[in-house]
$ cat entry-v7.csv   # CSV, N, CA and C atoms
chain,number,residue,atom,x,y,z
A,1,MET,N,-10.2,-192.7,-145.7
A,1,MET,CA,-9.8,-192.3,-144.3
A,1,MET,C,-9.4,-190.9,-144.3
A,2,THR,N,-9.9,-190.1,-143.5
A,2,THR,CA,-9.6,-188.6,-143.4
A,2,THR,C,-8.2,-188.4,-142.8
A,3,MET,N,-7.7,-187.2,-143.0
A,3,MET,CA,-6.4,-186.9,-142.5
A,3,MET,C,-6.4,-187.0,-140.9
A,4,HIS,N,-7.5,-186.4,-140.3
A,4,HIS,CA,-7.7,-186.5,-138.9
A,4,HIS,C,-7.7,-187.9,-138.4
A,5,THR,N,-8.4,-188.8,-139.0
A,5,THR,CA,-8.5,-190.2,-138.6
A,5,THR,C,-7.1,-190.9,-138.7
A,6,ARG,N,-6.4,-190.6,-139.8
A,6,ARG,CA,-5.1,-191.2,-140.0
A,6,ARG,C,-4.1,-190.7,-138.9
A,7,ILE,N,-4.2,-189.5,-138.6
A,7,ILE,CA,-3.3,-188.9,-137.5
A,7,ILE,C,-3.6,-189.6,-136.2
A,8,LEU,N,-4.9,-189.7,-135.9
A,8,LEU,CA,-5.2,-190.3,-134.6
A,8,LEU,C,-4.8,-191.8,-134.5
A,9,ALA,N,-5.0,-192.5,-135.6
A,9,ALA,CA,-4.5,-193.9,-135.7
A,9,ALA,C,-3.0,-194.0,-135.5
A,10,THR,N,-2.3,-193.1,-136.1
A,10,THR,CA,-0.8,-193.1,-135.9
A,10,THR,C,-0.4,-192.8,-134.5
A,11,ILE,N,-1.0,-191.9,-133.8
A,11,ILE,CA,-0.7,-191.6,-132.4
A,11,ILE,C,-1.0,-192.8,-131.6
A,12,ARG,N,-2.0,-193.5,-131.8
A,12,ARG,CA,-2.4,-194.7,-131.0
A,12,ARG,C,-1.4,-195.8,-131.2
A,13,GLU,N,-0.5,-195.8,-132.2
A,13,GLU,CA,0.5,-196.8,-132.4
A,13,GLU,C,1.7,-196.7,-131.5
A,14,ILE,N,1.9,-195.5,-130.9
A,14,ILE,CA,3.0,-195.2,-130.0
A,14,ILE,C,2.9,-196.0,-128.7
A,15,PRO,N,3.8,-197.0,-128.5
A,15,PRO,CA,3.6,-197.8,-127.3
A,15,PRO,C,4.0,-197.1,-126.0
A,16,ARG,N,3.6,-197.7,-124.9
A,16,ARG,CA,4.0,-197.2,-123.6
A,16,ARG,C,5.5,-197.2,-123.4
A,17,GLY,N,6.0,-196.1,-122.9
A,17,GLY,CA,7.5,-196.0,-122.7
A,17,GLY,C,8.2,-195.4,-123.9
A,18,LYS,N,7.5,-195.1,-125.0
A,18,LYS,CA,8.1,-194.6,-126.2
A,18,LYS,C,7.4,-193.2,-126.5
A,19,VAL,N,8.1,-192.4,-127.2
A,19,VAL,CA,7.6,-191.1,-127.6
A,19,VAL,C,7.9,-190.8,-129.1
A,20,SER,N,7.2,-189.8,-129.6
A,20,SER,CA,7.5,-189.4,-131.0
A,20,SER,C,7.3,-187.9,-131.1
A,21,THR,N,7.6,-187.3,-132.2
A,21,THR,CA,7.4,-185.9,-132.4
A,21,THR,C,6.2,-185.6,-133.2
A,22,TYR,N,5.8,-184.3,-133.2
A,22,TYR,CA,4.6,-183.9,-134.0
A,22,TYR,C,4.9,-184.2,-135.5
A,23,GLY,N,6.1,-183.8,-135.9
A,23,GLY,CA,6.5,-184.0,-137.3
A,23,GLY,C,6.6,-185.5,-137.7
A,24,ALA,N,7.1,-186.3,-136.8
A,24,ALA,CA,7.2,-187.7,-137.2
A,24,ALA,C,5.9,-188.4,-137.3
A,25,VAL,N,4.9,-188.0,-136.4
A,25,VAL,CA,3.6,-188.5,-136.5
A,25,VAL,C,2.9,-188.1,-137.8
A,26,ALA,N,3.1,-186.8,-138.2
A,26,ALA,CA,2.5,-186.4,-139.4
A,26,ALA,C,3.1,-187.1,-140.6
A,27,THR,N,4.4,-187.3,-140.6
A,27,THR,CA,5.0,-188.1,-141.7
A,27,THR,C,4.6,-189.5,-141.8
A,28,ALA,N,4.5,-190.2,-140.6
A,28,ALA,CA,4.0,-191.6,-140.5
A,28,ALA,C,2.6,-191.7,-141.0
A,29,ALA,N,1.8,-190.7,-140.8
A,29,ALA,CA,0.4,-190.7,-141.2
A,29,ALA,C,0.2,-190.4,-142.7
A,30,GLY,N,1.3,-190.0,-143.3
A,30,GLY,CA,1.3,-189.8,-144.8
A,30,GLY,C,1.2,-188.3,-145.1
A,31,TYR,N,1.5,-187.5,-144.2
A,31,TYR,CA,1.3,-186.0,-144.4
A,31,TYR,C,2.6,-185.3,-143.9
A,32,PRO,N,3.7,-185.4,-144.6
A,32,PRO,CA,4.9,-184.8,-144.1
A,32,PRO,C,4.7,-183.3,-144.1
A,33,GLY,N,5.2,-182.6,-143.1
A,33,GLY,CA,5.1,-181.2,-143.0
A,33,GLY,C,3.8,-180.7,-142.3
A,34,ALA,N,3.0,-181.6,-141.8
A,34,ALA,CA,1.7,-181.3,-141.2
A,34,ALA,C,1.7,-181.4,-139.7
A,35,ALA,N,2.8,-181.0,-139.1
A,35,ALA,CA,2.9,-181.1,-137.6
A,35,ALA,C,1.8,-180.3,-136.9
A,36,ARG,N,1.4,-179.1,-137.5
A,36,ARG,CA,0.4,-178.3,-136.9
A,36,ARG,C,-1.0,-179.0,-136.9
A,37,GLN,N,-1.2,-179.8,-137.9
A,37,GLN,CA,-2.4,-180.6,-137.9
A,37,GLN,C,-2.4,-181.7,-136.8
A,38,VAL,N,-1.3,-182.2,-136.5
A,38,VAL,CA,-1.2,-183.2,-135.4
A,38,VAL,C,-1.5,-182.5,-134.1
A,39,VAL,N,-1.1,-181.3,-133.9
A,39,VAL,CA,-1.4,-180.5,-132.7
A,39,VAL,C,-2.9,-180.3,-132.6
A,40,GLY,N,-3.5,-179.9,-133.7
A,40,GLY,CA,-5.0,-179.7,-133.8
A,40,GLY,C,-5.7,-181.0,-133.5
A,41,ALA,N,-5.3,-182.1,-134.0
A,41,ALA,CA,-6.0,-183.4,-133.8
A,41,ALA,C,-5.9,-183.7,-132.3
A,42,LEU,N,-4.7,-183.5,-131.6
A,42,LEU,CA,-4.6,-183.8,-130.2
A,42,LEU,C,-5.5,-182.9,-129.4
A,43,ARG,N,-5.7,-181.7,-129.8
A,43,ARG,CA,-6.6,-180.8,-129.0
A,43,ARG,C,-8.0,-181.1,-129.1
A,44,ARG,N,-8.4,-181.7,-130.2
A,44,ARG,CA,-9.9,-182.0,-130.5
A,44,ARG,C,-10.3,-183.4,-130.1
A,45,SER,N,-9.3,-184.2,-129.7
A,45,SER,CA,-9.7,-185.6,-129.4
A,45,SER,C,-9.5,-186.1,-128.0
A,46,PHE,N,-10.1,-187.2,-127.7
A,46,PHE,CA,-10.1,-187.7,-126.3
A,46,PHE,C,-9.5,-189.1,-126.4
A,47,ASP,N,-9.2,-189.7,-125.3
A,47,ASP,CA,-8.7,-191.1,-125.2
A,47,ASP,C,-7.5,-191.4,-126.1
A,48,LEU,N,-6.5,-190.4,-126.1
A,48,LEU,CA,-5.3,-190.6,-126.8
A,48,LEU,C,-4.1,-190.6,-125.9
A,49,PRO,N,-3.0,-191.2,-126.2
A,49,PRO,CA,-1.8,-191.1,-125.4
A,49,PRO,C,-1.1,-189.8,-125.7
A,50,TRP,N,-1.7,-188.7,-125.5
A,50,TRP,CA,-1.2,-187.3,-125.9
A,50,TRP,C,0.2,-187.0,-125.3
A,51,GLN,N,0.4,-187.6,-124.1
A,51,GLN,CA,1.7,-187.3,-123.5
A,51,GLN,C,2.9,-187.8,-124.3
A,52,ARG,N,2.7,-188.8,-125.2
A,52,ARG,CA,3.8,-189.4,-125.9
A,52,ARG,C,4.2,-188.6,-127.2
A,53,VAL,N,3.5,-187.5,-127.5
A,53,VAL,CA,3.9,-186.7,-128.6
A,53,VAL,C,4.5,-185.4,-128.2
A,54,LEU,N,5.7,-185.2,-128.7
A,54,LEU,CA,6.6,-184.0,-128.2
A,54,LEU,C,7.0,-183.2,-129.4
A,55,GLY,N,7.6,-182.1,-129.0
A,55,GLY,CA,8.2,-181.2,-130.0
A,55,GLY,C,9.5,-181.8,-130.5
A,56,ALA,N,10.1,-181.1,-131.5
A,56,ALA,CA,11.3,-181.6,-132.1
A,56,ALA,C,12.4,-181.7,-131.1
A,57,GLY,N,13.2,-182.8,-131.1
A,57,GLY,CA,14.3,-183.0,-130.2
A,57,GLY,C,13.8,-183.5,-128.8
A,58,GLY,N,12.6,-183.8,-128.7
A,58,GLY,CA,12.1,-184.4,-127.4
A,58,GLY,C,11.7,-183.3,-126.4
A,59,GLU,N,11.4,-182.1,-126.9
A,59,GLU,CA,11.0,-181.0,-126.0
A,59,GLU,C,9.5,-181.0,-125.7
A,60,ILE,N,9.2,-180.8,-124.5
A,60,ILE,CA,7.8,-180.7,-124.1
A,60,ILE,C,7.4,-179.2,-124.5
A,61,LYS,N,6.4,-179.1,-125.4
A,61,LYS,CA,6.0,-177.8,-125.9
A,61,LYS,C,4.9,-177.2,-125.1
A,62,LEU,N,4.2,-178.0,-124.3
A,62,LEU,CA,3.1,-177.4,-123.5
A,62,LEU,C,3.7,-176.5,-122.4
A,63,ARG,N,2.9,-175.7,-121.8
A,63,ARG,CA,3.3,-174.7,-120.8
A,63,ARG,C,2.5,-174.9,-119.5
A,64,GLY,N,3.1,-174.5,-118.4
A,64,GLY,CA,2.3,-174.5,-117.1
A,64,GLY,C,2.1,-175.9,-116.6
A,65,ASP,N,0.9,-176.1,-116.0
A,65,ASP,CA,0.5,-177.3,-115.4
A,65,ASP,C,0.4,-178.5,-116.4
A,66,SER,N,0.1,-178.2,-117.6
A,66,SER,CA,0.0,-179.2,-118.6
A,66,SER,C,1.4,-179.8,-118.9
A,67,ALA,N,2.4,-179.0,-118.9
A,67,ALA,CA,3.8,-179.5,-119.1
A,67,ALA,C,4.2,-180.4,-118.0
A,68,ILE,N,3.9,-179.9,-116.8
A,68,ILE,CA,4.3,-180.7,-115.6
A,68,ILE,C,3.5,-182.1,-115.6
A,69,GLU,N,2.3,-182.1,-116.0
A,69,GLU,CA,1.5,-183.3,-116.1
A,69,GLU,C,2.1,-184.2,-117.2
A,70,GLN,N,2.5,-183.7,-118.3
A,70,GLN,CA,3.0,-184.5,-119.4
A,70,GLN,C,4.3,-185.1,-118.9
A,71,ARG,N,5.2,-184.4,-118.3
A,71,ARG,CA,6.4,-185.0,-117.8
A,71,ARG,C,6.2,-186.1,-116.8
A,72,LEU,N,5.3,-185.8,-115.8
A,72,LEU,CA,5.0,-186.8,-114.8
A,72,LEU,C,4.4,-188.1,-115.4
A,73,ARG,N,3.5,-188.0,-116.4
A,73,ARG,CA,2.9,-189.1,-117.1
A,73,ARG,C,4.0,-189.9,-117.8
A,74,LEU,N,4.9,-189.2,-118.5
A,74,LEU,CA,6.0,-189.9,-119.2
A,74,LEU,C,7.0,-190.6,-118.2
A,75,GLU,N,7.3,-189.9,-117.1
A,75,GLU,CA,8.2,-190.6,-116.1
A,75,GLU,C,7.5,-191.8,-115.5
A,76,ALA,N,6.2,-191.8,-115.3
A,76,ALA,CA,5.5,-192.9,-114.8
A,76,ALA,C,5.5,-194.1,-115.8
A,77,GLU,N,5.7,-193.8,-117.1
A,77,GLU,CA,5.8,-194.9,-118.1
A,77,GLU,C,7.3,-195.3,-118.3
A,78,GLY,N,8.2,-194.7,-117.5
A,78,GLY,CA,9.6,-195.1,-117.6
A,78,GLY,C,10.4,-194.3,-118.6
A,79,VAL,N,9.9,-193.2,-119.1
A,79,VAL,CA,10.7,-192.4,-120.0
A,79,VAL,C,11.7,-191.5,-119.3
A,80,ALA,N,12.9,-191.6,-119.7
A,80,ALA,CA,14.0,-190.8,-119.0
A,80,ALA,C,14.2,-189.5,-119.7
A,81,PHE,N,14.5,-188.5,-118.9
A,81,PHE,CA,14.8,-187.1,-119.4
A,81,PHE,C,16.3,-186.8,-119.3
A,82,ARG,N,16.7,-186.0,-120.2
A,82,ARG,CA,18.1,-185.4,-120.1
A,82,ARG,C,17.9,-183.9,-120.0
A,83,GLY,N,17.8,-183.4,-118.8
A,83,GLY,CA,17.5,-182.0,-118.6
A,83,GLY,C,16.0,-181.8,-118.8
A,84,ARG,N,15.7,-180.9,-119.7
A,84,ARG,CA,14.3,-180.6,-120.0
A,84,ARG,C,13.7,-181.4,-121.2
A,85,ARG,N,14.6,-182.3,-121.8
A,85,ARG,CA,14.2,-183.0,-123.0
A,85,ARG,C,14.2,-184.5,-122.7
A,86,VAL,N,13.3,-185.2,-123.4
A,86,VAL,CA,13.3,-186.7,-123.4
A,86,VAL,C,14.6,-187.2,-124.0
A,87,ASP,N,15.1,-188.3,-123.5
A,87,ASP,CA,16.3,-188.9,-124.1
A,87,ASP,C,15.8,-189.7,-125.3
A,88,MET,N,15.8,-189.0,-126.5
A,88,MET,CA,15.2,-189.6,-127.7
A,88,MET,C,16.0,-190.8,-128.2
A,89,LYS,N,17.3,-190.9,-127.9
A,89,LYS,CA,18.0,-192.1,-128.4
A,89,LYS,C,17.4,-193.4,-127.7
A,90,ARG,N,17.0,-193.2,-126.5
A,90,ARG,CA,16.5,-194.4,-125.8
A,90,ARG,C,15.0,-194.6,-126.0
A,91,HIS,N,14.2,-193.5,-126.2
A,91,HIS,CA,12.7,-193.6,-126.1
A,91,HIS,C,12.0,-193.3,-127.4
A,92,GLU,N,12.7,-192.9,-128.5
A,92,GLU,CA,12.0,-192.5,-129.7
A,92,GLU,C,11.4,-193.7,-130.4
A,93,PHE,N,10.1,-193.6,-130.7
A,93,PHE,CA,9.4,-194.7,-131.4
A,93,PHE,C,9.6,-194.5,-132.9
A,94,LYS,N,10.1,-195.5,-133.6
A,94,LYS,CA,10.3,-195.5,-135.0
A,94,LYS,C,9.1,-196.1,-135.7
A,95,PHE,N,8.4,-195.4,-136.4
A,95,PHE,CA,7.2,-195.9,-137.2
A,95,PHE,C,7.7,-196.8,-138.3
A,96,ALA,N,6.9,-197.8,-138.6
A,96,ALA,CA,7.2,-198.7,-139.8
A,96,ALA,C,6.9,-197.8,-141.0
A,97,ARG,N,7.7,-198.0,-142.0
A,97,ARG,CA,7.5,-197.2,-143.3
A,97,ARG,C,6.3,-197.8,-144.0
A,98,THR,N,5.4,-197.0,-144.4
A,98,THR,CA,4.2,-197.5,-145.1
A,98,THR,C,4.3,-197.0,-146.6
A,99,LYS,N,3.4,-197.5,-147.4
A,99,LYS,CA,3.4,-197.2,-148.8
A,99,LYS,C,3.2,-195.7,-149.0
A,100,ALA,N,2.4,-195.0,-148.1
A,100,ALA,CA,2.2,-193.6,-148.2
A,100,ALA,C,3.5,-192.8,-148.0
A,101,THR,N,4.3,-193.2,-147.1
A,101,THR,CA,5.5,-192.5,-146.8
A,101,THR,C,6.6,-192.9,-147.8
A,102,ALA,N,6.6,-194.1,-148.3
A,102,ALA,CA,7.6,-194.6,-149.1
A,102,ALA,C,7.5,-194.1,-150.6
A,103,THR,N,6.3,-193.7,-151.0
A,103,THR,CA,6.1,-193.3,-152.4
A,103,THR,C,6.0,-191.8,-152.5
A,104,ARG,N,6.3,-191.0,-151.5
A,104,ARG,CA,6.4,-189.5,-151.6
A,104,ARG,C,7.5,-189.1,-152.6
A,105,LYS,N,7.3,-187.9,-153.1
A,105,LYS,CA,8.3,-187.4,-154.1
A,105,LYS,C,9.7,-187.3,-153.4
A,106,LYS,N,10.7,-187.7,-154.1
A,106,LYS,CA,12.0,-187.6,-153.5
A,106,LYS,C,12.6,-186.2,-153.9
A,107,LYS,N,13.4,-185.7,-153.1
A,107,LYS,CA,14.1,-184.4,-153.3
A,107,LYS,C,15.0,-184.5,-154.5
A,108,ARG,N,15.1,-183.4,-155.3
A,108,ARG,CA,16.0,-183.4,-156.4
A,108,ARG,C,17.4,-183.5,-155.9
A,109,THR,N,18.3,-184.3,-156.5
A,109,THR,CA,19.6,-184.4,-156.1
A,109,THR,C,20.5,-183.5,-156.9
A,110,SER,N,20.1,-183.1,-158.1
A,110,SER,CA,20.9,-182.2,-158.9
A,110,SER,C,20.1,-180.9,-159.2
A,111,SER,N,20.8,-179.9,-159.5
A,111,SER,CA,20.1,-178.6,-159.8
A,111,SER,C,19.6,-178.7,-161.2
A,112,PRO,N,18.5,-177.9,-161.5
A,112,PRO,CA,18.0,-177.9,-162.9
A,112,PRO,C,19.1,-177.2,-163.8
A,113,PRO,N,19.0,-177.5,-165.1
A,113,PRO,CA,20.0,-176.9,-166.0
A,113,PRO,C,19.8,-175.4,-166.1
A,114,ALA,N,21.0,-174.8,-166.2
A,114,ALA,CA,21.0,-173.3,-166.2
A,114,ALA,C,20.4,-172.8,-167.5
A,115,ARG,N,19.7,-171.7,-167.3
A,115,ARG,CA,19.1,-171.0,-168.5
A,115,ARG,C,20.1,-170.3,-169.3
A,116,LYS,N,20.1,-170.4,-170.6
A,116,LYS,CA,21.0,-169.7,-171.4
A,116,LYS,C,20.5,-168.3,-171.6
A,117,ARG,N,21.4,-167.3,-171.6
A,117,ARG,CA,21.0,-165.9,-171.9
A,117,ARG,C,21.1,-165.7,-173.4
A,118,PRO,N,20.2,-165.0,-173.9
A,118,PRO,CA,20.2,-164.7,-175.3
A,118,PRO,C,21.4,-163.8,-175.6
A,119,THR,N,22.0,-164.1,-176.7
A,119,THR,CA,23.2,-163.3,-177.1
A,119,THR,C,22.8,-162.2,-178.0
A,120,THR,N,23.4,-161.1,-177.9
A,120,THR,CA,23.1,-159.9,-178.7
A,120,THR,C,24.3,-159.7,-179.6
A,121,ASN,N,24.0,-159.4,-180.9
A,121,ASN,CA,25.1,-159.1,-181.8
A,121,ASN,C,25.1,-157.6,-182.1
A,122,HIS,N,26.2,-157.0,-181.9
A,122,HIS,CA,26.3,-155.5,-182.1
A,122,HIS,C,26.9,-155.3,-183.4
$ encode --input "entry-v7.csv" --output "structure tokens"
Amino acid sequence: MTMHTRILATIREIPRGKVSTYGAVATAAGYPGAARQVVGALRRSFDLPWQRVLGAGGEIKLRGDSAIEQRLRLEAEGVAFRGRRVDMKRHEFKFARTKATATRKKKRTSSPPARKRPTTNH
């Protein structure tokens, strides 16, 4: 399965009345840090619930008429806003953890050992 296909399948998992972020979709698809690829997949594809994918913190990243349309579509699905952002506490969709996301490298918890400086004898 290609990256593009996995991203599209992940976007289709978001149910009506719920939203997610570009970064969360990328991570759930197995590609943490690939938020820009999610944007690209949304631009190139049809028949997707595009309105359910937002920027970090629930912010609509589109501009102009597209932003207005996205907000209207989300409100029609029952999604509540707090100012200009979606109320993520109420409407964020939490993807189920998959093997791909669970087996990624974990961050180091301790720093590597310090390098010793060579000593000079005078």
$ closest_residue --input "entry-v7.csv" --among "A:Gly57, A:Pro49, A:Ala41, A:Met88" --to "Ile11 of chain A" --atoms "all atoms listed in the file"
A:Pro49
$ select_by_dssp --input "entry-v7.csv" --residues "segment 9-84 of chain A" --states "strand (DSSP E or B)" --output "number ranges by chain"
A: 19-21, 53-54, 59, 81-82
$ select_by_dssp --input "entry-v7.csv" --residues "segment 13-76 of chain A" --states "helix (DSSP H, G or I)" --output "VMD selection string"
chain A and resid 22 to 28 35 to 44 50 to 52 56 to 58 65 to 76
$ atom_distance --input "entry-v7.csv" --atom1 "atom CA of Thr27 of chain A" --atom2 "atom CA of Asp65 of chain A"
28.8 Å
$ atom_distance --input "entry-v7.csv" --atom1 "atom CA of Glu59 of chain A" --atom2 "atom N of Arg84 of chain A"
7.9 Å
$ closest_residue --input "entry-v7.csv" --among "A:Ala9, A:Val86, A:Ala96, A:Val38" --to "Gly58 of chain A" --atoms "all atoms listed in the file"
A:Val86
$ atom_distance --input "entry-v7.csv" --atom1 "atom CA of Thr21 of chain A" --atom2 "atom CA of Ala56 of chain A"
5.8 Å
$ closest_residue --input "entry-v7.csv" --among "A:Met3, A:Lys61, A:Arg52, A:Arg16" --to "Ala29 of chain A" --atoms "all atoms listed in the file"
A:Met3
$ residues_around --input "entry-v7.csv" --residues "Gly78 of chain A" --least-positions-apart "3" --cutoff "8 Å" --atoms "only N, CA and C atoms" --output "VMD selection string"
chain A and resid 16 to 18 72 to 75 81 91
$ residues_near_point --input "entry-v7.csv" --point "(-2.5, -185.3, -133.8)" --cutoff "9 Å" --atoms "only C-alpha atoms" --output "PDB file with N, CA and C atoms, in the coordinates of the input"
ATOM      1  N   HIS A   4      -7.500-186.400-140.300  1.00  0.00           N
ATOM      2  CA  HIS A   4      -7.700-186.500-138.900  1.00  0.00           C
ATOM      3  C   HIS A   4      -7.700-187.900-138.400  1.00  0.00           C
ATOM      4  N   ARG A   6      -6.400-190.600-139.800  1.00  0.00           N
ATOM      5  CA  ARG A   6      -5.100-191.200-140.000  1.00  0.00           C
ATOM      6  C   ARG A   6      -4.100-190.700-138.900  1.00  0.00           C
ATOM      7  N   ILE A   7      -4.200-189.500-138.600  1.00  0.00           N
ATOM      8  CA  ILE A   7      -3.300-188.900-137.500  1.00  0.00           C
ATOM      9  C   ILE A   7      -3.600-189.600-136.200  1.00  0.00           C
ATOM     10  N   LEU A   8      -4.900-189.700-135.900  1.00  0.00           N
ATOM     11  CA  LEU A   8      -5.200-190.300-134.600  1.00  0.00           C
ATOM     12  C   LEU A   8      -4.800-191.800-134.500  1.00  0.00           C
ATOM     13  N   THR A  10      -2.300-193.100-136.100  1.00  0.00           N
ATOM     14  CA  THR A  10      -0.800-193.100-135.900  1.00  0.00           C
ATOM     15  C   THR A  10      -0.400-192.800-134.500  1.00  0.00           C
ATOM     16  N   ILE A  11      -1.000-191.900-133.800  1.00  0.00           N
ATOM     17  CA  ILE A  11      -0.700-191.600-132.400  1.00  0.00           C
ATOM     18  C   ILE A  11      -1.000-192.800-131.600  1.00  0.00           C
ATOM     19  N   TYR A  22       5.800-184.300-133.200  1.00  0.00           N
ATOM     20  CA  TYR A  22       4.600-183.900-134.000  1.00  0.00           C
ATOM     21  C   TYR A  22       4.900-184.200-135.500  1.00  0.00           C
ATOM     22  N   VAL A  25       4.900-188.000-136.400  1.00  0.00           N
ATOM     23  CA  VAL A  25       3.600-188.500-136.500  1.00  0.00           C
ATOM     24  C   VAL A  25       2.900-188.100-137.800  1.00  0.00           C
ATOM     25  N   ALA A  26       3.100-186.800-138.200  1.00  0.00           N
ATOM     26  CA  ALA A  26       2.500-186.400-139.400  1.00  0.00           C
ATOM     27  C   ALA A  26       3.100-187.100-140.600  1.00  0.00           C
ATOM     28  N   ALA A  35       2.800-181.000-139.100  1.00  0.00           N
ATOM     29  CA  ALA A  35       2.900-181.100-137.600  1.00  0.00           C
ATOM     30  C   ALA A  35       1.800-180.300-136.900  1.00  0.00           C
ATOM     31  N   ARG A  36       1.400-179.100-137.500  1.00  0.00           N
ATOM     32  CA  ARG A  36       0.400-178.300-136.900  1.00  0.00           C
ATOM     33  C   ARG A  36      -1.000-179.000-136.900  1.00  0.00           C
ATOM     34  N   GLN A  37      -1.200-179.800-137.900  1.00  0.00           N
ATOM     35  CA  GLN A  37      -2.400-180.600-137.900  1.00  0.00           C
ATOM     36  C   GLN A  37      -2.400-181.700-136.800  1.00  0.00           C
ATOM     37  N   VAL A  38      -1.300-182.200-136.500  1.00  0.00           N
ATOM     38  CA  VAL A  38      -1.200-183.200-135.400  1.00  0.00           C
ATOM     39  C   VAL A  38      -1.500-182.500-134.100  1.00  0.00           C
ATOM     40  N   VAL A  39      -1.100-181.300-133.900  1.00  0.00           N
ATOM     41  CA  VAL A  39      -1.400-180.500-132.700  1.00  0.00           C
ATOM     42  C   VAL A  39      -2.900-180.300-132.600  1.00  0.00           C
ATOM     43  N   GLY A  40      -3.500-179.900-133.700  1.00  0.00           N
ATOM     44  CA  GLY A  40      -5.000-179.700-133.800  1.00  0.00           C
ATOM     45  C   GLY A  40      -5.700-181.000-133.500  1.00  0.00           C
ATOM     46  N   ALA A  41      -5.300-182.100-134.000  1.00  0.00           N
ATOM     47  CA  ALA A  41      -6.000-183.400-133.800  1.00  0.00           C
ATOM     48  C   ALA A  41      -5.900-183.700-132.300  1.00  0.00           C
ATOM     49  N   LEU A  42      -4.700-183.500-131.600  1.00  0.00           N
ATOM     50  CA  LEU A  42      -4.600-183.800-130.200  1.00  0.00           C
ATOM     51  C   LEU A  42      -5.500-182.900-129.400  1.00  0.00           C
ATOM     52  N   ARG A  43      -5.700-181.700-129.800  1.00  0.00           N
ATOM     53  CA  ARG A  43      -6.600-180.800-129.000  1.00  0.00           C
ATOM     54  C   ARG A  43      -8.000-181.100-129.100  1.00  0.00           C
ATOM     55  N   ARG A  44      -8.400-181.700-130.200  1.00  0.00           N
ATOM     56  CA  ARG A  44      -9.900-182.000-130.500  1.00  0.00           C
ATOM     57  C   ARG A  44     -10.300-183.400-130.100  1.00  0.00           C
ATOM     58  N   SER A  45      -9.300-184.200-129.700  1.00  0.00           N
ATOM     59  CA  SER A  45      -9.700-185.600-129.400  1.00  0.00           C
ATOM     60  C   SER A  45      -9.500-186.100-128.000  1.00  0.00           C
ATOM     61  N   TRP A  50      -1.700-188.700-125.500  1.00  0.00           N
ATOM     62  CA  TRP A  50      -1.200-187.300-125.900  1.00  0.00           C
ATOM     63  C   TRP A  50       0.200-187.000-125.300  1.00  0.00           C
ATOM     64  N   VAL A  53       3.500-187.500-127.500  1.00  0.00           N
ATOM     65  CA  VAL A  53       3.900-186.700-128.600  1.00  0.00           C
ATOM     66  C   VAL A  53       4.500-185.400-128.200  1.00  0.00           C
TER      67      VAL A  53
END
$ closest_residue --input "entry-v7.csv" --among "A:Gln51, A:Ile14, A:Ser20, A:Ala80" --to "Ile68 of chain A" --atoms "only C-alpha atoms"
A:Gln51
